[in-house]
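The next block is data29.txt, given as compact mmCIF, C-alpha atoms.
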# COMPACT_ATOMS: atom_id res chain seq x y z
CA MET F 16 12.48 115.88 -61.55
CA THR F 17 10.24 112.84 -61.71
CA LYS F 18 11.93 109.74 -60.29
CA ILE F 19 11.65 106.51 -62.27
CA VAL F 20 12.19 103.34 -60.24
CA VAL F 21 12.64 100.01 -62.01
CA ASN F 22 12.36 96.65 -60.24
CA ALA F 23 14.31 94.17 -62.33
CA THR F 24 15.62 90.64 -62.01
CA HIS F 25 17.11 88.15 -64.42
CA LYS F 26 14.94 85.32 -63.08
CA GLY F 27 11.28 84.75 -62.24
CA GLY F 28 9.99 84.14 -58.72
CA GLU F 29 12.25 86.67 -57.01
CA GLY F 30 9.40 88.81 -55.65
CA LYS F 31 9.91 91.53 -58.24
CA THR F 32 6.21 92.20 -58.83
CA THR F 33 5.41 92.06 -55.12
CA ASN F 34 8.12 94.63 -54.51
CA SER F 35 6.73 96.83 -57.29
CA ILE F 36 3.31 96.66 -55.64
CA MET F 37 4.64 97.46 -52.18
CA LEU F 38 6.72 100.40 -53.40
CA SER F 39 3.81 101.79 -55.43
CA GLU F 40 1.38 101.64 -52.54
CA TYR F 41 3.93 103.02 -50.10
CA ALA F 42 4.60 105.98 -52.41
CA ALA F 43 0.89 106.71 -52.94
CA LEU F 44 -0.60 105.85 -49.53
CA VAL F 45 2.18 106.65 -47.08
CA LEU F 46 4.17 109.36 -48.86
CA ASN F 47 1.18 110.85 -50.74
CA LEU F 48 3.19 111.09 -53.94
CA LYS F 49 1.53 111.30 -57.33
CA THR F 50 2.47 107.87 -58.60
CA LEU F 51 2.30 106.20 -62.01
CA ILE F 52 2.87 102.48 -62.27
CA ILE F 53 3.87 100.78 -65.51
CA ASP F 54 3.62 97.07 -66.27
CA MET F 55 6.18 95.97 -68.87
CA ASP F 56 5.68 92.26 -68.17
CA PRO F 57 3.47 90.37 -70.67
CA GLN F 58 2.20 88.20 -67.79
CA ALA F 59 0.33 91.33 -66.60
CA ASN F 60 0.27 90.32 -62.90
CA PHE F 61 1.12 93.87 -61.79
CA SER F 62 -1.78 95.21 -63.89
CA GLY F 63 -4.25 92.71 -62.45
CA ARG F 64 -3.61 94.02 -58.97
CA TYR F 65 -5.24 97.37 -59.82
CA ILE F 66 -7.63 96.95 -62.75
CA LYS F 67 -9.83 94.13 -64.08
CA MET F 68 -7.81 92.78 -66.99
CA GLU F 69 -9.57 90.83 -69.74
CA TYR F 70 -8.45 87.73 -71.64
CA ASP F 71 -7.38 88.39 -75.20
CA PRO F 72 -9.67 86.51 -77.64
CA ALA F 73 -6.90 86.59 -80.28
CA PHE F 74 -4.06 85.34 -78.08
CA LYS F 75 -4.52 82.27 -75.90
CA GLY F 76 -3.69 83.02 -72.29
CA GLY F 77 -2.90 86.64 -73.08
CA LYS F 78 -4.44 89.58 -71.30
CA ILE F 79 -5.61 92.99 -72.51
CA PRO F 80 -6.58 96.15 -70.62
CA PRO F 81 -10.31 96.76 -70.14
CA LEU F 82 -12.10 99.63 -71.83
CA HIS F 83 -10.95 102.84 -70.24
CA PRO F 84 -13.55 104.46 -67.93
CA ASP F 85 -13.20 107.74 -69.86
CA TYR F 86 -13.75 106.12 -73.25
CA ASN F 87 -16.73 107.44 -75.21
CA PRO F 88 -17.16 105.54 -78.51
CA SER F 89 -19.27 108.30 -80.04
CA GLU F 90 -16.55 110.90 -79.43
CA ASP F 91 -13.29 108.91 -79.45
CA VAL F 92 -13.56 107.66 -83.02
CA ASN F 93 -9.81 107.25 -83.45
CA TRP F 94 -9.28 105.31 -80.23
CA SER F 95 -10.15 101.68 -79.46
CA GLY F 96 -10.81 102.61 -75.84
CA ARG F 97 -8.06 100.33 -74.53
CA SER F 98 -4.82 101.84 -73.37
CA GLY F 99 -1.56 100.42 -72.07
CA ILE F 100 2.16 100.95 -72.05
CA ALA F 101 2.59 98.77 -75.16
CA ASN F 102 0.75 101.45 -77.14
CA ILE F 103 3.98 103.49 -77.22
CA PHE F 104 5.43 100.91 -79.61
CA TYR F 105 2.47 101.26 -81.99
CA ALA F 106 1.97 105.05 -82.01
CA GLU F 107 -1.42 104.57 -80.34
CA GLU F 108 -3.25 106.53 -77.66
CA VAL F 109 -1.71 106.25 -74.18
CA VAL F 110 -4.11 107.12 -71.34
CA PRO F 111 -3.36 106.01 -67.75
CA TYR F 112 -6.14 104.28 -65.82
CA PRO F 113 -7.26 105.42 -62.38
CA THR F 114 -7.07 102.90 -59.52
CA ALA F 115 -8.95 102.54 -56.24
CA ILE F 116 -5.89 103.94 -54.45
CA PRO F 117 -5.63 107.74 -54.24
CA ASN F 118 -2.61 109.24 -56.06
CA LEU F 119 -2.07 106.01 -58.02
CA GLU F 120 -2.57 105.57 -61.77
CA ILE F 121 -1.53 102.70 -64.02
CA LEU F 122 -0.44 102.01 -67.57
CA PRO F 123 -1.20 98.28 -67.78
CA ALA F 124 0.35 95.53 -69.85
CA HIS F 125 -1.04 94.14 -73.10
CA SER F 126 0.32 90.60 -73.39
CA MET F 127 0.45 90.18 -77.16
CA LYS F 128 1.70 93.68 -77.96
CA LEU F 129 4.48 93.45 -75.37
CA GLN F 130 5.54 90.03 -76.64
CA GLU F 131 5.67 91.40 -80.18
CA ALA F 132 7.86 94.26 -78.97
CA GLU F 133 10.09 91.75 -77.17
CA ALA F 134 10.49 89.76 -80.39
CA VAL F 135 11.59 92.51 -82.81
CA THR F 136 14.68 91.73 -84.84
CA LYS F 137 18.08 92.87 -83.60
CA ASN F 138 18.55 95.79 -86.00
CA GLU F 139 15.11 97.15 -85.07
CA VAL F 140 15.45 96.88 -81.30
CA LEU F 141 17.25 100.11 -80.46
CA GLU F 142 14.89 102.42 -82.31
CA LYS F 143 11.60 100.53 -81.92
CA VAL F 144 11.90 99.26 -78.35
CA HIS F 145 14.95 100.30 -76.34
CA LEU F 146 14.37 104.07 -76.55
CA GLN F 147 10.59 104.34 -76.84
CA LEU F 148 9.81 104.18 -73.12
CA LYS F 149 12.49 106.74 -72.30
CA ARG F 150 11.11 109.13 -74.91
CA PHE F 151 7.56 108.70 -73.62
CA LEU F 152 8.54 109.31 -69.98
CA GLU F 153 10.49 112.42 -70.97
CA LEU F 154 7.34 114.06 -72.36
CA GLU F 155 6.51 117.23 -70.45
CA ASP F 156 2.94 116.13 -69.72
CA VAL F 157 4.19 112.91 -68.12
CA ARG F 158 6.93 114.55 -66.07
CA ASN F 159 4.56 117.26 -64.80
CA SER F 160 1.86 114.77 -63.79
CA TYR F 161 3.82 112.47 -61.44
CA ASP F 162 6.34 112.60 -58.62
CA VAL F 163 7.44 109.01 -59.07
CA ILE F 164 7.02 106.31 -61.71
CA ILE F 165 7.46 102.65 -60.74
CA ILE F 166 8.06 100.04 -63.43
CA ASP F 167 7.70 96.28 -63.21
CA THR F 168 9.65 94.29 -65.80
CA PRO F 169 9.71 90.77 -67.28
CA PRO F 170 12.07 88.25 -65.63
CA SER F 171 14.75 88.60 -68.30
CA LYS F 172 17.44 90.85 -69.76
CA GLY F 173 15.46 91.21 -73.00
CA PRO F 174 14.42 94.36 -74.90
CA LEU F 175 11.56 95.30 -72.55
CA THR F 176 13.77 95.16 -69.44
CA ILE F 177 16.51 97.08 -71.26
CA ALA F 178 13.94 99.71 -72.30
CA ALA F 179 12.88 100.14 -68.66
CA ILE F 180 16.47 100.44 -67.46
CA LYS F 181 17.27 103.01 -70.15
CA ALA F 182 14.34 105.09 -68.89
CA ALA F 183 15.14 104.65 -65.18
CA THR F 184 16.65 107.02 -62.69
CA HIS F 185 16.88 104.26 -60.04
CA LEU F 186 17.19 100.46 -60.06
CA VAL F 187 16.18 97.92 -57.39
CA ILE F 188 17.20 94.25 -57.67
CA PRO F 189 15.06 91.90 -55.48
CA ALA F 190 16.64 88.47 -55.09
CA GLN F 191 16.16 85.21 -53.25
CA MET F 192 19.15 83.70 -51.50
CA GLU F 193 19.55 80.70 -53.81
CA GLN F 194 22.17 79.72 -56.39
CA PHE F 195 20.34 80.63 -59.59
CA SER F 196 19.11 83.85 -58.00
CA ILE F 197 22.65 84.90 -57.11
CA GLU F 198 23.73 84.24 -60.69
CA GLY F 199 20.84 86.43 -61.83
CA ILE F 200 22.10 89.25 -59.64
CA TYR F 201 25.41 89.27 -61.50
CA GLY F 202 23.58 89.47 -64.83
CA MET F 203 21.50 92.44 -63.68
CA LEU F 204 24.55 94.22 -62.21
CA GLN F 205 26.26 93.82 -65.57
CA LEU F 206 23.25 95.35 -67.34
CA TRP F 207 23.25 98.26 -64.87
CA LYS F 208 26.97 98.91 -65.40
CA GLN F 209 26.58 98.83 -69.18
CA GLU F 210 23.80 101.39 -68.96
CA SER F 211 25.82 103.56 -66.56
CA TYR F 212 28.79 103.62 -68.96
CA SER F 213 26.54 104.84 -71.76
CA ARG F 214 25.19 107.81 -69.78
CA SER F 215 26.64 111.21 -69.00
CA LYS F 216 27.79 111.91 -65.45
CA ASP F 217 24.78 114.09 -64.68
CA SER F 218 22.20 111.49 -65.73
CA GLN F 219 23.47 108.29 -64.12
CA ILE F 220 21.13 105.48 -63.13
CA GLU F 221 21.42 104.96 -59.39
CA LEU F 222 21.47 101.41 -58.06
CA VAL F 223 19.44 101.61 -54.86
CA GLY F 224 20.58 98.12 -54.00
CA ILE F 225 19.98 94.39 -53.91
CA LEU F 226 16.98 93.53 -51.74
CA PRO F 227 17.34 90.07 -50.12
CA ASN F 228 13.86 88.63 -50.49
CA GLN F 229 11.77 85.62 -49.39
CA ILE F 230 14.33 84.76 -46.73
CA ARG F 231 13.66 81.61 -44.71
CA ASP F 232 15.29 80.67 -41.43
CA VAL F 233 17.41 77.93 -42.98
CA ARG F 234 21.16 77.49 -43.18
CA ILE F 235 21.49 77.83 -46.95
CA HIS F 236 19.68 81.19 -47.04
CA LYS F 237 21.83 82.50 -44.21
CA GLU F 238 25.00 81.36 -45.97
CA PHE F 239 24.06 82.89 -49.32
CA LEU F 240 23.12 86.19 -47.66
CA ASN F 241 26.33 86.29 -45.67
CA ASN F 242 28.40 85.52 -48.77
CA LEU F 243 26.58 88.20 -50.75
CA LYS F 244 27.50 90.74 -48.06
CA LEU F 245 31.15 89.67 -48.17
CA MET F 246 31.81 89.21 -51.89
CA LYS F 247 33.75 92.00 -53.57
CA ASN F 248 31.34 92.49 -56.48
CA THR F 249 28.16 92.65 -54.39
CA ALA F 250 28.99 93.68 -50.81
CA GLN F 251 28.50 97.41 -51.31
CA TYR F 252 25.12 96.95 -53.01
CA VAL F 253 23.29 94.69 -50.53
CA MET F 254 20.60 96.57 -48.60
CA PRO F 255 20.97 96.49 -44.79
CA LEU F 256 17.56 94.80 -44.41
CA SER F 257 15.71 91.87 -45.90
CA ILE F 258 12.21 90.54 -46.51
CA LYS F 259 11.23 87.22 -44.97
CA LYS F 260 9.04 84.65 -46.69
CA ARG F 261 5.59 85.27 -45.19
CA THR F 262 2.22 83.87 -46.21
CA LEU F 263 0.71 87.29 -45.64
CA TYR F 264 2.64 88.77 -48.57
CA THR F 265 0.77 86.36 -50.84
CA GLU F 266 -2.59 86.64 -49.09
CA ILE F 267 -2.66 90.45 -49.17
CA LEU F 268 -2.43 90.36 -52.98
CA THR F 269 -5.51 88.17 -53.52
CA GLU F 270 -8.70 89.70 -54.88
CA GLU F 271 -10.67 88.92 -51.70
CA ALA F 272 -8.02 90.29 -49.33
CA ASN F 273 -9.25 92.69 -46.65
CA PRO F 274 -7.56 95.08 -46.14
CA LYS F 275 -6.29 95.41 -49.68
CA SER F 276 -2.92 96.97 -48.92
CA ILE F 277 -0.30 95.99 -46.39
CA PHE F 278 -0.15 99.68 -45.46
CA ASP F 279 -3.75 99.49 -44.27
CA LEU F 280 -2.77 96.91 -41.65
CA PRO F 281 -2.15 98.06 -38.05
CA LYS F 282 1.19 99.84 -37.70
CA GLY F 283 2.32 97.19 -35.22
CA ASN F 284 1.81 94.32 -37.67
CA VAL F 285 5.17 92.57 -38.13
CA ALA F 286 4.78 92.17 -41.91
CA ARG F 287 3.88 95.83 -42.34
CA ILE F 288 6.82 96.88 -40.18
CA GLU F 289 9.19 94.76 -42.25
CA TYR F 290 8.07 95.91 -45.69
CA GLU F 291 7.55 99.50 -44.62
CA ALA F 292 11.18 99.60 -43.48
CA ALA F 293 12.29 98.32 -46.88
CA CYS F 294 10.10 100.79 -48.78
CA SER F 295 11.26 103.65 -46.55
CA TYR F 296 14.91 102.75 -47.18
CA ILE F 297 14.36 102.61 -50.95
CA MET F 298 12.22 105.73 -51.30
CA GLU F 299 14.48 107.88 -49.12
CA ARG F 300 17.30 107.14 -51.53
CA VAL F 301 15.11 107.64 -54.57
CA MET F 302 13.60 110.96 -53.49
CA ASN F 303 16.65 112.40 -51.74
CA HIS F 304 19.49 110.99 -53.89
CA VAL F 305 21.13 109.41 -50.84
Please express what this file holds, its structure, as structure tokens.
Amino acid sequence: MTKIVVNATHKGGEGKTTNSIMLSEYAALVLNLKTLIIDMDPQANFSGRYIKMEYDPAFKGGKIPPLHPDYNPSEDVNWSGRSGIANIFYAEEVVPYPTAIPNLEILPAHSMKLQEAEAVTKNEVLEKVHLQLKRFLELEDVRNSYDVIIIDTPPSKGPLTIAAIKAATHLVIPAQMEQFSIEGIYGMLQLWKQESYSRSKDSQIELVGILPNQIRDVRIHKEFLNNLKLMKNTAQYVMPLSIKKRTLYTEILTEEANPKSIFDLPKGNVARIEYEAACSYIMERVMNHV
């Protein structure tokens, strides 16, 4: 069965998108898994890592996917040539884009369409947003095409994040060791538990764990991490490793970076060792149900 991994946090700046990128590239480059990545965040940062997004002329600051490389205007008369995950909310064509990384395809964000989906009224949410992604990912063509699907979400507990969690088989919660981040962890754990209660025993969403992220060698980070490992409601979920705050994790994601992926760095590189250990821990549990 195709595994669906969601990176979700209640708050921005937790390293959620970076973790989505690292997991995606680890799955495709290191594990050689057929991987689909999905960008549910209207900011479209995950999308911009892999394809050249365009600015939306109708929505200031918004981004839209480029014309698909397979689009032929003379043949595809019923298709605009732009595809993205938001198309599932509009009954429009959904065609993944290839990326420069072998085994890796993407369904990018469309800023305006995702924001419209996020803003539907309460009585419309369940049918129009919450269940649409799950239904799409359950299609036989999708399940047969990929080993793993990795989803990046907005920094919220809104309809788009809920839709991703309802579709997920596994959940990862990246978090900084700071007060508001810790509060965000509790919110995401609550969302996970609510989803778990609504599912049958044979289709539970597995919480891979809380990934301590952007750790600095300062007292407050050490105290928060130690408390997180000791507190009753979180102790069992904290991963036995963490990601330090390193400039390289930002530099490797820039357009001019060379090499492009952290997994193209020498195996002895300390940043690669650190993130590869985290990805290995996560993917072993995802693929083997540990």
Could you state the separation of atom CA of F:Leu148 and atom CA of F:Thr24 in Å, given to one decimal place?
18.5 Å
I'd like the neighbourhood of F:Asn228 as a list in words, where a residue qualifies if any of its atoms comes within 8 Å (using all atoms listed in the file), though same-chain residues fewer than 2 positions away should be ignored.
Glu29, Gly30, Pro189, Ala190, Gln191, Met192, Leu226, Ile230, Ser257, Ile258, Lys259 and Lys260 of chain F
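For the pair atom CA of F:Thr50 and atom CA of F:Thr184, the separation is 14.8 Å.
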Which of these residues is nearest to F:Pro111, using only C-alpha atoms: F:His83, F:Lys275, F:Arg287, F:Lys128?
F:His83
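If all atoms listed in the file are the atoms counted, then among F:Ala286, F:Leu146, F:Ala179, F:Val45 the closest residue to F:Thr262 is F:Ala286.
Compared by their closest atoms to F:Leu38, and using all atoms listed in the file, the residues F:Val109, F:Phe239, F:His185, F:Val20 rank with F:Val20 nearest.
Taking only C-alpha atoms into account, the residues near (-5.5, 101.1, -75.3), no farther than 7 Å, are F:Pro80, F:Ser95, F:Gly96, F:Arg97, F:Ser98, F:Gly99, F:Asn102, F:Glu108, F:Val109.
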Output stretch 222-256 of chain F with N, CA and C atoms present, as an mmCIF file, in the frame of the given file.
data_model
loop_
_atom_site.group_PDB
_atom_site.id
_atom_site.type_symbol
_atom_site.label_atom_id
_atom_site.label_comp_id
_atom_site.auth_asym_id
_atom_site.auth_seq_id
_atom_site.Cartn_x
_atom_site.Cartn_y
_atom_site.Cartn_z
ATOM 1 N N LEU F 222 21.853 102.724 -58.590
ATOM 2 C CA LEU F 222 21.470 101.410 -58.060
ATOM 3 C C LEU F 222 21.143 101.576 -56.579
ATOM 4 N N VAL F 223 19.851 101.497 -56.258
ATOM 5 C CA VAL F 223 19.440 101.610 -54.860
ATOM 6 C C VAL F 223 19.997 100.447 -54.066
ATOM 7 N N GLY F 224 19.972 99.257 -54.669
ATOM 8 C CA GLY F 224 20.580 98.120 -54.000
ATOM 9 C C GLY F 224 19.922 96.796 -54.342
ATOM 10 N N ILE F 225 20.511 95.746 -53.805
ATOM 11 C CA ILE F 225 19.980 94.390 -53.910
ATOM 12 C C ILE F 225 19.143 94.136 -52.663
ATOM 13 N N LEU F 226 17.881 93.778 -52.861
ATOM 14 C CA LEU F 226 16.980 93.530 -51.740
ATOM 15 C C LEU F 226 16.871 92.026 -51.492
ATOM 16 N N PRO F 227 17.502 91.493 -50.439
ATOM 17 C CA PRO F 227 17.340 90.070 -50.120
ATOM 18 C C PRO F 227 15.876 89.768 -49.804
ATOM 19 N N ASN F 228 15.310 88.824 -50.526
ATOM 20 C CA ASN F 228 13.860 88.630 -50.490
ATOM 21 C C ASN F 228 13.502 87.167 -50.247
ATOM 22 N N GLN F 229 12.310 86.954 -49.661
ATOM 23 C CA GLN F 229 11.770 85.620 -49.390
ATOM 24 C C GLN F 229 12.764 84.780 -48.576
ATOM 25 N N ILE F 230 13.327 85.422 -47.571
ATOM 26 C CA ILE F 230 14.330 84.760 -46.730
ATOM 27 C C ILE F 230 13.640 83.807 -45.749
ATOM 28 N N ARG F 231 14.133 82.576 -45.691
ATOM 29 C CA ARG F 231 13.660 81.610 -44.710
ATOM 30 C C ARG F 231 14.756 81.337 -43.682
ATOM 31 N N ASP F 232 14.340 80.909 -42.519
ATOM 32 C CA ASP F 232 15.290 80.670 -41.430
ATOM 33 C C ASP F 232 15.946 79.297 -41.598
ATOM 34 N N VAL F 233 16.711 79.189 -42.693
ATOM 35 C CA VAL F 233 17.410 77.930 -42.980
ATOM 36 C C VAL F 233 18.875 78.251 -43.260
ATOM 37 N N ARG F 234 19.720 77.271 -43.076
ATOM 38 C CA ARG F 234 21.160 77.490 -43.180
ATOM 39 C C ARG F 234 21.583 78.030 -44.548
ATOM 40 N N ILE F 235 21.033 77.437 -45.620
ATOM 41 C CA ILE F 235 21.490 77.830 -46.950
ATOM 42 C C ILE F 235 21.178 79.286 -47.260
ATOM 43 N N HIS F 236 20.016 79.780 -46.814
ATOM 44 C CA HIS F 236 19.680 81.190 -47.040
ATOM 45 C C HIS F 236 20.611 82.096 -46.254
ATOM 46 N N LYS F 237 20.916 81.702 -45.030
ATOM 47 C CA LYS F 237 21.830 82.500 -44.210
ATOM 48 C C LYS F 237 23.223 82.546 -44.828
ATOM 49 N N GLU F 238 23.671 81.422 -45.367
ATOM 50 C CA GLU F 238 25.000 81.360 -45.970
ATOM 51 C C GLU F 238 25.077 82.216 -47.234
ATOM 52 N N PHE F 239 24.069 82.102 -48.092
ATOM 53 C CA PHE F 239 24.060 82.890 -49.320
ATOM 54 C C PHE F 239 24.032 84.391 -48.996
ATOM 55 N N LEU F 240 23.208 84.777 -48.024
ATOM 56 C CA LEU F 240 23.120 86.190 -47.660
ATOM 57 C C LEU F 240 24.440 86.686 -47.091
ATOM 58 N N ASN F 241 25.052 85.907 -46.248
ATOM 59 C CA ASN F 241 26.330 86.290 -45.670
ATOM 60 C C ASN F 241 27.405 86.417 -46.753
ATOM 61 N N ASN F 242 27.422 85.469 -47.681
ATOM 62 C CA ASN F 242 28.400 85.520 -48.770
ATOM 63 C C ASN F 242 28.176 86.741 -49.667
ATOM 64 N N LEU F 243 26.907 87.046 -49.911
ATOM 65 C CA LEU F 243 26.580 88.200 -50.750
ATOM 66 C C LEU F 243 27.098 89.490 -50.110
ATOM 67 N N LYS F 244 27.025 89.555 -48.783
ATOM 68 C CA LYS F 244 27.500 90.740 -48.060
ATOM 69 C C LYS F 244 29.017 90.831 -48.010
ATOM 70 N N LEU F 245 29.692 89.703 -48.272
ATOM 71 C CA LEU F 245 31.150 89.670 -48.170
ATOM 72 C C LEU F 245 31.844 89.730 -49.534
ATOM 73 N N MET F 246 31.166 89.292 -50.584
ATOM 74 C CA MET F 246 31.810 89.210 -51.890
ATOM 75 C C MET F 246 32.102 90.602 -52.458
ATOM 76 N N LYS F 247 33.261 90.730 -53.064
ATOM 77 C CA LYS F 247 33.750 92.000 -53.570
ATOM 78 C C LYS F 247 32.778 92.681 -54.527
ATOM 79 N N ASN F 248 32.185 91.903 -55.440
ATOM 80 C CA ASN F 248 31.340 92.490 -56.480
ATOM 81 C C ASN F 248 29.932 92.853 -56.026
ATOM 82 N N THR F 249 29.537 92.400 -54.835
ATOM 83 C CA THR F 249 28.160 92.650 -54.390
ATOM 84 C C THR F 249 28.054 93.324 -53.030
ATOM 85 N N ALA F 250 29.083 93.239 -52.208
ATOM 86 C CA ALA F 250 28.990 93.680 -50.810
ATOM 87 C C ALA F 250 28.438 95.091 -50.658
ATOM 88 N N GLN F 251 28.910 96.008 -51.466
ATOM 89 C CA GLN F 251 28.500 97.410 -51.310
ATOM 90 C C GLN F 251 27.073 97.682 -51.761
ATOM 91 N N TYR F 252 26.459 96.716 -52.460
ATOM 92 C CA TYR F 252 25.120 96.950 -53.010
ATOM 93 C C TYR F 252 24.003 96.282 -52.211
ATOM 94 N N VAL F 253 24.328 95.402 -51.275
ATOM 95 C CA VAL F 253 23.290 94.690 -50.530
ATOM 96 C C VAL F 253 22.637 95.628 -49.518
ATOM 97 N N MET F 254 21.321 95.709 -49.548
ATOM 98 C CA MET F 254 20.600 96.570 -48.600
ATOM 99 C C MET F 254 20.764 96.032 -47.182
ATOM 100 N N PRO F 255 20.766 96.914 -46.186
ATOM 101 C CA PRO F 255 20.970 96.490 -44.790
ATOM 102 C C PRO F 255 19.692 95.989 -44.133
ATOM 103 N N LEU F 256 18.815 95.388 -44.912
ATOM 104 C CA LEU F 256 17.560 94.800 -44.410
ATOM 105 C C LEU F 256 17.126 93.750 -45.404
#
